[in-house]
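Novice: Got a structure here, written out as structure tokens. Questions coming.
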There are 6 protein chains.
Amino acid sequence: MNGIVVRNIHRADAVSLDALERLGVATVHEAQGRTGLMRPDMRPVWRGARVCGSAVTALIHPGDNWMIHVAVEMVKPGDVLVVACSGDNLDGAFGELLAVSLKARGAKAVALEVGCRDVREIAELRFPVWSRAISARGTVKASLGSVNVPVVCAGVRVVPGDAILADDDGVAVVPRADAARVAQAGAEREKKEAASRARLAAGALGLDLYGMRRALAEKGLEYVDGPLDWGPHTSRGN
Amino acid sequence: MNGIVVRNIHRADAVSLDALERLGVATVHEAQGRTGLMRPDMRPVWRGARVCGSAVTALIHPGDNWMIHVAVEMVKPGDVLVVACSGDNLDGAFGELLAVSLKARGAKAVALEVGCRDVREIAELRFPVWSRAISARGTVKASLGSVNVPVVCAGVRVVPGDAILADDDGVAVVPRADAARVAQAGAEREKKEAASRARLAAGALGLDLYGMRRALAEKGLEYVDGPLDWGPHTSRGN
Amino acid sequence: MNGIVVRNIHRADAVSLDALERLGVATVHEAQGRTGLMRPDMRPVWRGARVCGSAVTALIHPGDNWMIHVAVEMVKPGDVLVVACSGDNLDGAFGELLAVSLKARGAKAVALEVGCRDVREIAELRFPVWSRAISARGTVKASLGSVNVPVVCAGVRVVPGDAILADDDGVAVVPRADAARVAQAGAEREKKEAASRARLAAGALGLDLYGMRRALAEKGLEYVDGPLDWGPHTSRGN
Amino acid sequence: MNGIVVRNIHRADAVSLDALERLGVATVHEAQGRTGLMRPDMRPVWRGARVCGSAVTALIHPGDNWMIHVAVEMVKPGDVLVVACSGDNLDGAFGELLAVSLKARGAKAVALEVGCRDVREIAELRFPVWSRAISARGTVKASLGSVNVPVVCAGVRVVPGDAILADDDGVAVVPRADAARVAQAGAEREKKEAASRARLAAGALGLDLYGMRRALAEKGLEYVDGPLDWGPHTSRGN
Amino acid sequence: MNGIVVRNIHRADAVSLDALERLGVATVHEAQGRTGLMRPDMRPVWRGARVCGSAVTALIHPGDNWMIHVAVEMVKPGDVLVVACSGDNLDGAFGELLAVSLKARGAKAVALEVGCRDVREIAELRFPVWSRAISARGTVKASLGSVNVPVVCAGVRVVPGDAILADDDGVAVVPRADAARVAQAGAEREKKEAASRARLAAGALGLDLYGMRRALAEKGLEYVDGPLDWGPHTSRGN
Amino acid sequence: MNGIVVRNIHRADAVSLDALERLGVATVHEAQGRTGLMRPDMRPVWRGARVCGSAVTALIHPGDNWMIHVAVEMVKPGDVLVVACSGDNLDGAFGELLAVSLKARGAKAVALEVGCRDVREIAELRFPVWSRAISARGTVKASLGSVNVPVVCAGVRVVPGDAILADDDGVAVVPRADAARVAQAGAEREKKEAASRARLAAGALGLDLYGMRRALAEKGLEYVDGPLDWGPHTSRGN
């Protein structure tokens, strides 16, 4: 099955990648209309990193990491390797040696729909990895998958060359063709948020700042003077 | 549906809140008869905080954080905002700007039955948040819920004004009417535990300290001299 | 039911335990043929520890930690207590006082198929605990289980005296009879990996280092010159 | 802990219970403003039943079904027994003998936040049970809980005497004081749905029937003539 | 966000759809190289149906089924409606009235990445539905999504017009361009399987039928004469 | 790794197997001290079967069913094949052709720690299968495992030749050496239950039948005359 490696891919432009990286996952996810976010079980193996790079994709099979080795050769400096799996599996398909190898070849990070192991060593290397689990369970090298074909990873389609942005909030995918536009929209959003932040920090209410009171009233929100009596409530039940 | 905001609530007394905060979740949960503990997937977004305050409650709907904005206005200094959701959802209904706003208004913490985003920024603010997930997925502002009505959050009923205690062990709810009594019971429990701790640290056995040997014997516990032979056991199987 | 405590057990030899501890979970799991790894939800309560010791086993029941107290007496310096549960349960059967007691008696660590509480205090003690959850929910002392009988913990059979190795990657079990052999195989594996690590860090490809190209070609892996056109792909969908 | 049995409870009126039973869970849940529905893992042990009765509540502990036996005595003909558990547990706390006993005493059904066993025998008895799991794992009789106190079961607060409605869609709780009003609202809703059903069966569109087109247009919904070209899409990826 | 409806789509050819329907999910999934299978929590609401049709897609948001109503108008006789959700949610976005409406307009089935309600009525209608959960929880009509754009549903990308095949084994997606080829490959596979079935039913071994013995031996499979002694093994442990 | 097939095994005696089969899983699980029950996600692919036979074991790897083919040859009439997996995986490692083959060779059933496919065909064959999931996802034949070695399957150790009993309540393992004793204990338990059943069906209370009242009173159970007032409780909250 599968068994194809695409040697060259279009990559997202460096300016957009830099801009997206500055913005972070939450802002970018909003800026592209709340799309492109991988499932929330994609968690960083160590906290504090924020990276954005072009996707090199690998499609592997449960308990088999052969195609990750094939994918390493396709990585260029600045890329993020995205590893999708044809079935649901949390085995540790990625470990220290692959991290060393990817780092040596300039990869910025890895996003794994499976598990990761050697997490202490990987944290010491400061090589950023997002995965669905930490598991030492090893994998075999027996089945062909593909490299640099479109994949679905943690619920999101990734086309080779898409921008992959990841931080402590998760992993987001920005289609290559949208990268510049989304970066622009994100920057505008951030500017607005900076203004809001200052006013909220000074004690302003979001209700006023965002002008929500009228819409809430029209929907029928009703304010009641309390306190109300909710009856006896003690730790008798659960 | 819903659509009610209760303006004033009874709050737990400050002395009890302080006492509960010093005791911590595990002790308080025991002191009130092992009730009031939220499900264990309520985890701190960053570790190390311990807070206790009166509950301001918000009931939201899946993918919609409108009522959190409404709830912020109802928060008084020292309160803990408790956000329950009418359905099962992990979207990131709470982020940095809401944290800034709540902090500015004196809230001590937030407990979310849904997801949280901007976790790096929230950790830098040192604003304590407990949630069921970290997710950047954004939410809409379309459906009315309620504020300061009784809710069920992560398996526990919370009445506005109940004491909410949270630390690295999770989130516990103490009914307002029970706060003083539970704080007292907790203090006694802690005193006993301090004495036990010293003796255990010196090598005493819990079996003797707690006088368990007799009850175990009566139940029929049998001591057998070993070592026994459990047969060949090697890494052949799984 | 059950209700047996075996007083003496064979223990793994200290030299093998030391050797295994130096190698770590991922290496040892591989070295014994990818067996013996507990399920990946066995996570450290605090990160950074690596321990290996002989297993003292306890079999408890849901919501009941009585037999942990019985097991403490059976622990000898250097042992690791393994707590299996007859049913699926995440209650906090282990907390600070048990940690203090075990530490005083020389135990190196605990691996719990259930939940752990007092995690801040346990982290401050630097006593290593692996568990399936953090939960403050307390337990009763009502049902007999057994101590130092073979158990299945997190998917793996543990015979008393087996070597238990745990670190940030999880928890592995090495049958006592295999400890020396596995430690030896692990050391050889590590030596090989050290050589590979140096070459990979210098930019070598795993494809060449491990001689994979021929097998991949025989399986039919096909390289295609790109870039390919994957059609319009924007943030319109999800 | 706990340890209280309340002997007499207010019950919902028979007319409302009958009316709610005719309506079913989905209609009633809507009719009371989308509240009161237990989590969707509350599933019928056998399909096809629909029952509504007043709640007799029992609060049990993980792995312990003692209080179910106590609760049986409190059941009156037409009641539904609701069993909540203080911790997360799926053990089979309910089986054939309890079903026989409850049936003999006139109970209409049981809703269990834990597991059920003897499911073939229970299906043959035609005694309706909703539970979170099917599990043969037995339980002990060691810890006191309570009977006929308010509980939280599968995410919903149940006060003794509330109306419990259950069918193939799940389990809903209607507060006793609301039963008549909700039954009335449900009947109106059902009448409207009957009219809609006929028109939809004849080919009418919900868009027209519910007058949605204008609101959709105002929100900005855009119709585009297709077909559009979405690029090469074959079974190469996953 | 989103907010686009594509009016016309290319559909898979009727001959291929018929051929795929005869083959079933397991055979087709294999025939296209083990790709295109949705996650296994996509289960039939009632068992026994097998359908194949062209996909009309809808992208909805958590707790909001508005776009399903929009999608109904786009359905042509023989189509299968595929409903993807932008976030993780199991609310009952689909019920009896939508089933009546879709059936009236000729739809063959629905595949839902969310929940379904009114399951008894839907079973009586004999309208086939696959969903991730049964839940009576209602949804709002507040947020725009899209119709007939590519979506990811339960882990698989679906382009409008793709062949959707579903039966008791799950839901599979065959890209429109591949439908004829996959149907052909599936028919060949089925022919082979029919021959194997007959020989296996007569007692032949797969080891011989598929010629596996040599490959197993080359891999090093070792046959040992038993019985072996695995030591004392009684129901003492767990 | 692994790679061993044991040709002959001790089997449980036919009389005990028959006796256990008549008793069923719930009774037998109790009769051996509440041990030996597999996790409750081991569910029958079709309902209504009850089987008991000697275990032939297979240890496979994620996404790989090669060793099931090897195991078929080892099966004797009346055996139950138990398939454990070295990692967590739900792929459909077992389907119709394997069912046909096993049935032809006299196997009574299969218990799978992974997924099953072709469930309609298997139901039509009336071949009983218990599995953790229904999934059409295919598997490869690439990695050696073992046959007829001890395995851990769904949380329980299975030694080749153990009695495997399965019905609608789940799957239980009885160590071969215990089969006669457990069958005897189960028969006694059943006799007692028959007596209790008659009395309970006549309206007797378990409290009296099992003599629980005194123990409950000693524990401090308190009866309170109601009805109590639990305060306003309407469908305002969730």
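Within each chain, counting starts at residue 1; across the structure tokens, chains are named A, B, ... in the order shown, with ligands numbered 1 upward in that order.
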Using only C-alpha atoms, what table do you get, as a Markdown table, when you list each residue of chain B with an atom no more than 9 Å from chain E, its nearest pair of atoms, and their distance in Å rounded to one decimal, rows by chain then rising number?

Specialist:
| residue | atom | partner | partner_atom | distance |
| --- | --- | --- | --- | --- |
| B:His61 | CA | E:Gly63 | CA | 7.6 |
| B:Pro62 | CA | E:Gly63 | CA | 5.6 |
| B:Gly63 | CA | E:Pro62 | CA | 5.6 |
| B:Asp64 | CA | E:Pro62 | CA | 8.8 |
| B:Ser86 | CA | E:Arg137 | CA | 9.0 |
| B:Gly87 | CA | E:Asp91 | CA | 7.1 |
| B:Asp88 | CA | E:Asn89 | CA | 6.5 |
| B:Asn89 | CA | E:Asn89 | CA | 5.9 |
| B:Leu90 | CA | E:Asp88 | CA | 7.2 |
| B:Asp91 | CA | E:Gly87 | CA | 7.1 |
| B:Arg137 | CA | E:Gly87 | CA | 7.6 |
| B:Val140 | CA | E:Ser143 | CA | 8.0 |
| B:Ala142 | CA | E:Ala142 | CA | 6.4 |
| B:Ser143 | CA | E:Ala142 | CA | 8.0 |
| B:Asp229 | CA | E:Gly231 | CA | 7.6 |
| B:Trp230 | CA | E:Gly231 | CA | 5.6 |
| B:Gly231 | CA | E:Gly231 | CA | 3.6 |
| B:Pro232 | CA | E:Trp230 | CA | 5.7 |
| B:His233 | CA | E:Trp230 | CA | 7.6 |

Novice: Just asking: which residues within range 60-164 of chain D are helix (DSSP H, G or I) according to DSSP, as a list of chain:residue names?

Specialist: D:Trp66, D:Met67, D:Ile68, D:His69, D:Val70, D:Ala71, D:Val72, D:Glu73, D:Met74, D:Glu96, D:Leu97, D:Leu98, D:Ala99, D:Val100, D:Ser101, D:Leu102, D:Lys103, D:Ala104, D:Val119, D:Arg120, D:Glu121, D:Ile122, D:Ala123, D:Glu124, D:Leu125

Novice: Include N, CA, C and O atoms and write out the residues we just selected as a short mmCIF file (atom, residue, chain, number, x, y, z; two decimals), in the first residue's frame.

Specialist:
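Written file, selection_5.cif:
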data_model
loop_
_atom_site.label_atom_id
_atom_site.label_comp_id
_atom_site.auth_asym_id
_atom_site.auth_seq_id
_atom_site.Cartn_x
_atom_site.Cartn_y
_atom_site.Cartn_z
N TRP D 66 -23.51 -2.12 48.61
CA TRP D 66 -24.30 -2.35 49.81
C TRP D 66 -25.57 -1.50 49.83
O TRP D 66 -26.66 -1.98 50.15
N MET D 67 -25.43 -0.23 49.49
CA MET D 67 -26.56 0.68 49.64
C MET D 67 -27.67 0.41 48.62
O MET D 67 -28.79 0.90 48.80
N ILE D 68 -27.37 -0.33 47.57
CA ILE D 68 -28.46 -0.69 46.66
C ILE D 68 -29.44 -1.60 47.40
O ILE D 68 -30.66 -1.45 47.26
N HIS D 69 -28.92 -2.50 48.20
CA HIS D 69 -29.80 -3.37 48.98
C HIS D 69 -30.66 -2.55 49.95
O HIS D 69 -31.83 -2.84 50.16
N VAL D 70 -30.05 -1.54 50.54
CA VAL D 70 -30.81 -0.68 51.45
C VAL D 70 -31.88 0.09 50.67
O VAL D 70 -33.01 0.27 51.14
N ALA D 71 -31.53 0.51 49.48
CA ALA D 71 -32.47 1.32 48.69
C ALA D 71 -33.70 0.53 48.25
O ALA D 71 -34.79 1.10 48.11
N VAL D 72 -33.53 -0.76 48.03
CA VAL D 72 -34.65 -1.56 47.53
C VAL D 72 -35.87 -1.42 48.45
O VAL D 72 -37.01 -1.30 47.99
N GLU D 73 -35.59 -1.39 49.74
CA GLU D 73 -36.70 -1.30 50.69
C GLU D 73 -37.46 0.02 50.56
O GLU D 73 -38.64 0.10 50.94
N MET D 74 -36.80 1.04 50.07
CA MET D 74 -37.42 2.36 49.98
C MET D 74 -38.25 2.55 48.69
O MET D 74 -38.92 3.56 48.53
N GLU D 96 -28.81 -9.85 38.30
CA GLU D 96 -30.14 -10.47 38.19
C GLU D 96 -30.93 -10.46 39.49
O GLU D 96 -32.12 -10.14 39.50
N LEU D 97 -30.30 -10.83 40.60
CA LEU D 97 -31.09 -10.97 41.84
C LEU D 97 -31.67 -9.63 42.27
O LEU D 97 -32.82 -9.55 42.71
N LEU D 98 -30.88 -8.57 42.14
CA LEU D 98 -31.42 -7.25 42.47
C LEU D 98 -32.55 -6.88 41.51
O LEU D 98 -33.54 -6.26 41.91
N ALA D 99 -32.40 -7.27 40.25
CA ALA D 99 -33.48 -6.98 39.29
C ALA D 99 -34.76 -7.72 39.67
O ALA D 99 -35.86 -7.16 39.63
N VAL D 100 -34.61 -8.99 40.04
CA VAL D 100 -35.78 -9.76 40.46
C VAL D 100 -36.45 -9.10 41.67
O VAL D 100 -37.67 -8.94 41.72
N SER D 101 -35.64 -8.69 42.60
CA SER D 101 -36.16 -8.09 43.83
C SER D 101 -36.87 -6.77 43.53
O SER D 101 -37.99 -6.52 44.01
N LEU D 102 -36.25 -5.94 42.74
CA LEU D 102 -36.87 -4.64 42.42
C LEU D 102 -38.16 -4.82 41.66
O LEU D 102 -39.15 -4.11 41.88
N LYS D 103 -38.13 -5.76 40.71
CA LYS D 103 -39.34 -6.03 39.92
C LYS D 103 -40.47 -6.49 40.84
O LYS D 103 -41.62 -6.04 40.72
N ALA D 104 -40.13 -7.38 41.79
CA ALA D 104 -41.13 -7.89 42.71
C ALA D 104 -41.77 -6.77 43.53
O ALA D 104 -42.93 -6.83 43.92
N VAL D 119 -26.65 -9.60 32.15
CA VAL D 119 -27.48 -8.82 31.22
C VAL D 119 -28.42 -9.70 30.41
O VAL D 119 -29.50 -9.26 30.03
N ARG D 120 -28.06 -10.94 30.14
CA ARG D 120 -28.98 -11.81 29.42
C ARG D 120 -30.21 -12.10 30.28
O ARG D 120 -31.34 -11.99 29.81
N GLU D 121 -29.97 -12.43 31.55
CA GLU D 121 -31.08 -12.73 32.45
C GLU D 121 -31.97 -11.48 32.63
O GLU D 121 -33.20 -11.59 32.68
N ILE D 122 -31.34 -10.34 32.74
CA ILE D 122 -32.11 -9.11 32.95
C ILE D 122 -32.96 -8.79 31.71
O ILE D 122 -34.11 -8.34 31.81
N ALA D 123 -32.40 -9.05 30.53
CA ALA D 123 -33.17 -8.84 29.30
C ALA D 123 -34.35 -9.81 29.24
O ALA D 123 -35.46 -9.44 28.81
N GLU D 124 -34.12 -11.03 29.68
CA GLU D 124 -35.23 -12.01 29.68
C GLU D 124 -36.34 -11.61 30.66
O GLU D 124 -37.52 -11.83 30.41
N LEU D 125 -35.94 -11.03 31.78
CA LEU D 125 -36.93 -10.52 32.75
C LEU D 125 -37.69 -9.31 32.21
O LEU D 125 -38.67 -8.90 32.81
#

Novice: So how far away is CA of Ser131 in chain F from CA of Ala111 in chain F, in Å?

Specialist: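 Separation of CA of Ala111 in chain F and CA of Ser131 in chain F: 6.0 Å.
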
Novice: Neighbouring residues of range 16-22 of chain A were defined as those with any atom within 7 Å, considering only C-alpha atoms; residues of the same chain fewer than 6 positions away were excluded. Please report them as a PyMOL selection string.

Specialist: chain A and resi 28+50-53+163+165+179-180+183

Novice: Keeping all heavy atoms for every residue in the selection just given, could you write it to a file as a JSON list (two decimals), in the first residue's frame?

Specialist:
[["chain", "number", "residue", "atom", "x", "y", "z"],
["A", 28, "VAL", "N", -3.44, 32.41, 15.59],
["A", 28, "VAL", "CA", -3.47, 32.00, 14.19],
["A", 28, "VAL", "C", -4.72, 31.15, 13.89],
["A", 28, "VAL", "O", -5.36, 31.31, 12.84],
["A", 28, "VAL", "CB", -2.18, 31.23, 13.84],
["A", 28, "VAL", "CG1", -2.32, 30.44, 12.55],
["A", 28, "VAL", "CG2", -1.02, 32.22, 13.76],
["A", 50, "ARG", "N", 8.01, 27.37, 20.79],
["A", 50, "ARG", "CA", 7.05, 27.82, 19.77],
["A", 50, "ARG", "C", 7.78, 27.81, 18.43],
["A", 50, "ARG", "O", 8.80, 28.49, 18.29],
["A", 50, "ARG", "CB", 6.53, 29.22, 20.07],
["A", 50, "ARG", "CG", 5.67, 29.78, 18.96],
["A", 50, "ARG", "CD", 5.00, 31.09, 19.33],
["A", 50, "ARG", "NE", 3.95, 30.88, 20.30],
["A", 50, "ARG", "CZ", 3.34, 31.87, 20.95],
["A", 50, "ARG", "NH1", 3.70, 33.13, 20.76],
["A", 50, "ARG", "NH2", 2.37, 31.62, 21.80],
["A", 51, "VAL", "N", 7.29, 27.03, 17.48],
["A", 51, "VAL", "CA", 7.99, 26.91, 16.20],
["A", 51, "VAL", "C", 6.99, 26.96, 15.06],
["A", 51, "VAL", "O", 5.83, 26.60, 15.21],
["A", 51, "VAL", "CB", 8.76, 25.57, 16.09],
["A", 51, "VAL", "CG1", 9.79, 25.44, 17.19],
["A", 51, "VAL", "CG2", 7.81, 24.40, 16.10],
["A", 52, "CYS", "N", 7.47, 27.40, 13.90],
["A", 52, "CYS", "CA", 6.67, 27.35, 12.68],
["A", 52, "CYS", "C", 7.58, 27.01, 11.51],
["A", 52, "CYS", "O", 8.63, 27.63, 11.34],
["A", 52, "CYS", "CB", 5.97, 28.70, 12.45],
["A", 52, "CYS", "SG", 4.76, 28.62, 11.11],
["A", 53, "GLY", "N", 7.16, 26.02, 10.73],
["A", 53, "GLY", "CA", 7.96, 25.64, 9.57],
["A", 53, "GLY", "C", 7.09, 24.96, 8.54],
["A", 53, "GLY", "O", 5.90, 24.70, 8.77],
["A", 163, "ALA", "N", 2.15, 25.40, 6.33],
["A", 163, "ALA", "CA", 2.82, 25.92, 7.52],
["A", 163, "ALA", "C", 2.30, 25.18, 8.74],
["A", 163, "ALA", "O", 1.09, 25.08, 8.94],
["A", 163, "ALA", "CB", 2.56, 27.41, 7.64],
["A", 165, "LEU", "N", 2.43, 25.26, 12.79],
["A", 165, "LEU", "CA", 2.74, 26.14, 13.91],
["A", 165, "LEU", "C", 2.39, 25.40, 15.19],
["A", 165, "LEU", "O", 1.29, 24.85, 15.31],
["A", 165, "LEU", "CB", 1.91, 27.41, 13.80],
["A", 165, "LEU", "CG", 1.91, 28.36, 14.99],
["A", 165, "LEU", "CD1", 3.31, 28.90, 15.26],
["A", 165, "LEU", "CD2", 0.94, 29.51, 14.74],
["A", 179, "ALA", "N", -0.92, 31.31, 3.94],
["A", 179, "ALA", "CA", 0.00, 31.68, 5.03],
["A", 179, "ALA", "C", 0.13, 33.20, 5.15],
["A", 179, "ALA", "O", 0.03, 33.76, 6.25],
["A", 179, "ALA", "CB", 1.35, 31.02, 4.82],
["A", 180, "ALA", "N", 0.33, 33.88, 4.05],
["A", 180, "ALA", "CA", 0.54, 35.32, 4.11],
["A", 180, "ALA", "C", -0.73, 36.02, 4.60],
["A", 180, "ALA", "O", -0.69, 36.90, 5.47],
["A", 180, "ALA", "CB", 0.95, 35.85, 2.73],
["A", 183, "ALA", "N", -1.28, 35.31, 8.28],
["A", 183, "ALA", "CA", -0.31, 36.05, 9.11],
["A", 183, "ALA", "C", -0.76, 37.51, 9.24],
["A", 183, "ALA", "O", -0.68, 38.11, 10.32],
["A", 183, "ALA", "CB", 1.09, 35.97, 8.50]]

Novice: Enter the distance from CA of Asp41 in chain B to CA of Gly92 in chain D, in Å, rounded to one decimal.

Specialist: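 Separating CA of Asp41 in chain B from CA of Gly92 in chain D is a distance of 23.5 Å.
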
Novice: Please return, as a ChimeraX atom specification, all residues of range 21-232 of chain A that DSSP assigns to strand (DSSP E or B) on the basis of the backbone.

Specialist: /A:37,43-44,51-61,64,80-85,92-94,109-112,115-116,129-131,133-134,140,146-147,151-153,156-158,163-167,170-174,222-224

Novice: As a PDB file with N, CA, C and O atoms, in the first residue's frame, please: the residues near Ala166 in chain D (cut-off 9 Å, only C-alpha atoms, same-chain neighbours under 2 positions excluded).

Specialist:
ATOM      1  N   GLU D  21     -43.578  10.001  29.972  1.00  0.00           N
ATOM      2  CA  GLU D  21     -43.202   8.708  29.392  1.00  0.00           C
ATOM      3  C   GLU D  21     -43.633   8.619  27.929  1.00  0.00           C
ATOM      4  O   GLU D  21     -42.918   8.069  27.085  1.00  0.00           O
ATOM      5  N   GLY D  24     -40.990  10.833  25.612  1.00  0.00           N
ATOM      6  CA  GLY D  24     -39.647  10.339  25.341  1.00  0.00           C
ATOM      7  C   GLY D  24     -38.578  11.354  25.700  1.00  0.00           C
ATOM      8  O   GLY D  24     -38.838  12.550  25.874  1.00  0.00           O
ATOM      9  N   VAL D  25     -37.328  10.839  25.779  1.00  0.00           N
ATOM     10  CA  VAL D  25     -36.208  11.613  26.324  1.00  0.00           C
ATOM     11  C   VAL D  25     -35.866  12.828  25.465  1.00  0.00           C
ATOM     12  O   VAL D  25     -35.663  13.934  25.972  1.00  0.00           O
ATOM     13  N   PRO D  44     -28.970   1.781  27.552  1.00  0.00           N
ATOM     14  CA  PRO D  44     -29.831   0.684  27.977  1.00  0.00           C
ATOM     15  C   PRO D  44     -29.112  -0.664  27.831  1.00  0.00           C
ATOM     16  O   PRO D  44     -28.406  -0.888  26.849  1.00  0.00           O
ATOM     17  N   ALA D  49     -37.138  -0.274  25.665  1.00  0.00           N
ATOM     18  CA  ALA D  49     -37.986   0.167  26.783  1.00  0.00           C
ATOM     19  C   ALA D  49     -38.064   1.687  26.829  1.00  0.00           C
ATOM     20  O   ALA D  49     -37.157   2.392  26.389  1.00  0.00           O
ATOM     21  N   ARG D  50     -39.165   2.170  27.357  1.00  0.00           N
ATOM     22  CA  ARG D  50     -39.298   3.592  27.695  1.00  0.00           C
ATOM     23  C   ARG D  50     -40.073   3.668  28.992  1.00  0.00           C
ATOM     24  O   ARG D  50     -41.202   3.181  29.056  1.00  0.00           O
ATOM     25  N   VAL D  51     -39.456   4.252  30.030  1.00  0.00           N
ATOM     26  CA  VAL D  51     -40.087   4.297  31.349  1.00  0.00           C
ATOM     27  C   VAL D  51     -39.921   5.678  31.960  1.00  0.00           C
ATOM     28  O   VAL D  51     -38.973   6.395  31.664  1.00  0.00           O
ATOM     29  N   CYS D  52     -40.875   6.024  32.816  1.00  0.00           N
ATOM     30  CA  CYS D  52     -40.760   7.242  33.602  1.00  0.00           C
ATOM     31  C   CYS D  52     -41.327   6.970  34.992  1.00  0.00           C
ATOM     32  O   CYS D  52     -42.428   6.426  35.121  1.00  0.00           O
ATOM     33  N   ALA D 109     -37.596   0.606  36.824  1.00  0.00           N
ATOM     34  CA  ALA D 109     -36.303   0.553  36.137  1.00  0.00           C
ATOM     35  C   ALA D 109     -35.199   0.968  37.086  1.00  0.00           C
ATOM     36  O   ALA D 109     -35.460   1.416  38.207  1.00  0.00           O
ATOM     37  N   ALA D 111     -31.296   3.133  36.913  1.00  0.00           N
ATOM     38  CA  ALA D 111     -30.273   3.885  36.174  1.00  0.00           C
ATOM     39  C   ALA D 111     -29.010   3.881  37.016  1.00  0.00           C
ATOM     40  O   ALA D 111     -29.020   4.373  38.146  1.00  0.00           O
ATOM     41  N   TRP D 130     -30.447   1.004  32.713  1.00  0.00           N
ATOM     42  CA  TRP D 130     -29.472   1.829  31.989  1.00  0.00           C
ATOM     43  C   TRP D 130     -28.195   1.848  32.816  1.00  0.00           C
ATOM     44  O   TRP D 130     -28.259   1.988  34.045  1.00  0.00           O
ATOM     45  N   ILE D 164     -37.711  10.568  36.506  1.00  0.00           N
ATOM     46  CA  ILE D 164     -36.617   9.987  35.721  1.00  0.00           C
ATOM     47  C   ILE D 164     -37.245   9.358  34.487  1.00  0.00           C
ATOM     48  O   ILE D 164     -38.073   8.444  34.587  1.00  0.00           O
ATOM     49  N   ASP D 168     -34.290   4.582  24.604  1.00  0.00           N
ATOM     50  CA  ASP D 168     -33.092   4.249  23.828  1.00  0.00           C
ATOM     51  C   ASP D 168     -32.170   5.442  23.599  1.00  0.00           C
ATOM     52  O   ASP D 168     -31.006   5.276  23.215  1.00  0.00           O
ATOM     53  N   ASP D 169     -32.678   6.662  23.792  1.00  0.00           N
ATOM     54  CA  ASP D 169     -31.859   7.863  23.616  1.00  0.00           C
ATOM     55  C   ASP D 169     -31.071   8.241  24.857  1.00  0.00           C
ATOM     56  O   ASP D 169     -30.193   9.109  24.781  1.00  0.00           O
ATOM     57  N   GLY D 170     -31.366   7.640  26.011  1.00  0.00           N
ATOM     58  CA  GLY D 170     -30.631   7.955  27.221  1.00  0.00           C
ATOM     59  C   GLY D 170     -31.535   8.169  28.416  1.00  0.00           C
ATOM     60  O   GLY D 170     -32.643   7.640  28.462  1.00  0.00           O
ATOM     61  N   VAL D 171     -31.029   8.927  29.386  1.00  0.00           N
ATOM     62  CA  VAL D 171     -31.738   9.139  30.655  1.00  0.00           C
ATOM     63  C   VAL D 171     -31.844  10.634  30.931  1.00  0.00           C
ATOM     64  O   VAL D 171     -30.832  11.347  30.892  1.00  0.00           O
ATOM     65  N   ALA D 172     -33.071  11.104  31.222  1.00  0.00           N
ATOM     66  CA  ALA D 172     -33.284  12.517  31.534  1.00  0.00           C
ATOM     67  C   ALA D 172     -33.927  12.654  32.901  1.00  0.00           C
ATOM     68  O   ALA D 172     -34.695  11.795  33.332  1.00  0.00           O
ATOM     69  N   VAL D 173     -33.608  13.766  33.561  1.00  0.00           N
ATOM     70  CA  VAL D 173     -34.148  14.067  34.885  1.00  0.00           C
ATOM     71  C   VAL D 173     -34.993  15.324  34.784  1.00  0.00           C
ATOM     72  O   VAL D 173     -34.527  16.346  34.279  1.00  0.00           O
TER      73      VAL D 173
END

Novice: So that I can check the surroundings of Tyr223 in chain E, please list as an MDAnalysis selection string every protein, DNA and RNA residue that reaches within 6 Å of it, counting only C-alpha atoms and ignoring chain neighbours fewer than 5 positions away.

Specialist: chainID F and resid 4:6

Novice: Excluding Thr57 in chain B and its own-chain neighbours fewer than 5 positions away, which residues fall within 8 Å of it when counting only C-alpha atoms? Please give them as a list in words.

Specialist: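 That gives Ala71, Leu81, Val82, Val83, Ala84, Val147, Asn148, Val149, Pro150, Val151, Val158, Val159 and Pro160 of chain B.
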